[in-house]
Amino acid sequence: MRDRLSVAIEITDPHPNALLALPEDLRQAARNSAVCLDPERRLSLRPWKAFAKLRELFGETTAALAVFGAKAKDLINALEVARAAGGKA
Amino acid sequence: MKSCFPFPEVLSDGRNWRVRPGRGAANLEERILQVPTDTSAESRFIRTHELLHAEMTRGKVGEKALKLCVGVDCLNAVEDTRINRFLRDNVSDIEAIEGGGLTRQAASDLGRSIAASGSLRAVVLTLLASSSSSRLRSTLEGTIRSANKPLYEKGLSIAGKAERWLFARSSPSQGWGEVVAKRIEALLRGEGASAEAQGEAAQSILRALFGGHDESSESSELEFKLSGPARRLARMLRAGVQPENRWGTLEIARLPLVREQDGRLGRRWRAAMEGAGVRYLHRFSIDRAIFAARRRIRGGSILIDTSGSMHLSPSDVGALVRAASSATVAAYSGTGDRGFLWILAAGGKVADVEAWASKRCGGNIVDGPALRWLALQAKPRIWVSDGCVTGVGDSSAPNLVLESQRIAASAGIHQSKDVKAALRMLRVGGGGSYAHGL
């Protein structure tokens, strides 16, 4: 498929407007994980959007479990660490 | 089974982190977290702990230990205590925190092995580092108490004192942790040997170093004239560092060498325009180099320090093994009073580096015996190490620094401080100079 496209542009950052659609505390995490160096861990903005929406309805833990599955507890721990350490998340 | 990973991207400095499967280590310089990836609470604790190192710890522990004249184990234990307390106070994952990264069985085994070693230092540092994980701490205490009550009571008393020092400040900084590590080190050394014995040993080392000069009289002037390592030794002695320690016992482990060394450097023949045997007839119309000529194969030996302070990932070691062509390559590290040297490549064949990675330990312990092994191998001899040599208990001491320096100098061993420098050295055929940067 790639060879049918004559121009390839590397996108190094998600679109700023797409980030603005997220709550402020998740923007940095979403931006960093969209350009993560490990393909296995890279996340698009969609799961973050879903997480942001669901956590308003069901709380952070349930939303994380619904969106991130087995990785949810690690995400919750990371968010708590970042908040306590004074990060932006 | 699903793999779990930490989320360093959430941190304030969350860009460009890599996560690799491992037992638990944070390479802050290269931004790599090595963590177990299973779903257990113990592994989750380790992932969150390493994540916190990424957020809260700065600098290289080996270099700091040398500068502060404290053992790497002591500095690590205090920093882990600081991190674990922060984790307990701010993260709600009780299940993971209570276990402290170890199952009950693993905690009991650890307690038994520490009690059997009789090492007060190990008891103090382990109890201190586990102080924020109640289940882990109570299992460790119970096991050590039942196996060796006097050792437990002494260790508990010192660990309690250390904990009070560290948390005299409500949220201790890393700098405060280093101050406390120095105090703990002084306390542990006071328990280990009499001041008189330490003084005598110090004098003998000073005589060896300064050729009969009395360091106390004109120390600052002498220090100025001394080379890097000697200056550091003088500082260590002045700071009251235990002047003598001994190397741990070295075991040489032979891993199965499972595949041929690949790459251009590993081939024994090259195409040539003259020779006796035609081997590359297809090249006649290209460059007429149809004959086979023996390639001069670059040999030599490489010894890699894979202790925690080096922050080497299995891929770093793998890169060195691949680049080393037909050299003999060995890695070493240790724990407690034992160390292991694994032959990773020899005779053009290499071991499975990924499989070896699970066996490596966190400390040095056996730098001297490993260097003696290197001194018997083929030249050029390259030692990949940051120079933070330690002996039993992962503690450094002037006599160990001196001895390792002597072995390296007398055997013409070239020191390379990291993998990149070693690779550069290999490209120029083992050149470079013996770095007096121990």
# chains A, B, ... in the order shown; residues from 1 in each chain; ligands from 1
>>> select_by_dssp(residues="chain A", states="helix (DSSP H, G or I)", output="PyMOL selection string")
chain A and resi 2-4+16-20+24-34+39-41+45-58+60-84
>>> interface_residues(of="chain B", to="chain A", cutoff="9 Å", atoms="only C-alpha atoms", output="JSON, numbers by chain")
{"B": [2, 3, 4, 5, 6, 7, 8, 9, 10, 11, 12, 13, 14, 15, 16, 17, 18, 19, 39, 44, 47, 48, 51, 52, 55, 56, 86, 87, 90, 91, 92, 93]}
>>> closest_residue(among="B:Asp418, B:Asp109, B:Glu50, B:Glu178", to="B:Arg31", atoms="only C-alpha atoms")
B:Glu50
>>> atom_distance(atom1="atom CA of B:Leu255", atom2="atom CA of B:Leu344")
6.9 Å
>>> residues_around(residues="B:Glu42", least_positions_apart="3", cutoff="6 Å", atoms="only C-alpha atoms", output="compact mmCIF listing (two decimals) with C-alpha atoms, in the first residue's frame")
# COMPACT_ATOMS: atom_id res chain seq x y z
CA PHE B 45 4.68 -2.77 42.30
CA ALA B 96 0.77 -4.06 45.18
CA GLY B 101 7.35 -6.60 44.80
CA LEU B 102 7.85 -10.01 46.41
>>> closest_residue(among="B:Ala351, B:Ala77, B:Leu66, B:Pro380", to="B:Val401", atoms="only C-alpha atoms")
B:Leu66
>>> residues_around(residues="B:Asn364", least_positions_apart="4", cutoff="12 Å", atoms="only C-alpha atoms", output="PyMOL selection string")
chain B and resi 62+71-73+247-250+304-310+331-341+360+368-371+385-396+400
>>> closest_residue(among="B:Asn84, B:Asn148, B:Asn27, B:Ser132", to="B:Ile114", atoms="only C-alpha atoms")
B:Asn148
>>> residues_around(residues="A:Phe68", least_positions_apart="6", cutoff="10 Å", atoms="only C-alpha atoms", output="CSV table (one decimal) with C-alpha atoms, in the first residue's frame")
chain,number,residue,atom,x,y,z
A,47,PRO,CA,-8.5,5.5,23.9
A,48,TRP,CA,-7.7,8.7,25.8
A,50,ALA,CA,-12.9,7.3,25.5
A,51,PHE,CA,-11.2,7.2,28.9
A,62,THR,CA,-13.9,1.7,36.0
A,74,ASP,CA,-0.7,0.6,35.9
A,75,LEU,CA,-2.3,3.6,34.3
>>> atom_distance(atom1="atom CA of B:Leu312", atom2="atom CA of B:Pro398")
25.4 Å
>>> closest_residue(among="B:Arg254, B:Arg322, B:Arg424, B:Arg294", to="B:Ile343", atoms="only C-alpha atoms")
B:Arg254
>>> residues_around(residues="stretch 142-145 of chain B", least_positions_apart="5", cutoff="7 Å", atoms="only C-alpha atoms", output="MDAnalysis selection string")
chainID B and resid 108 111:112 115 152
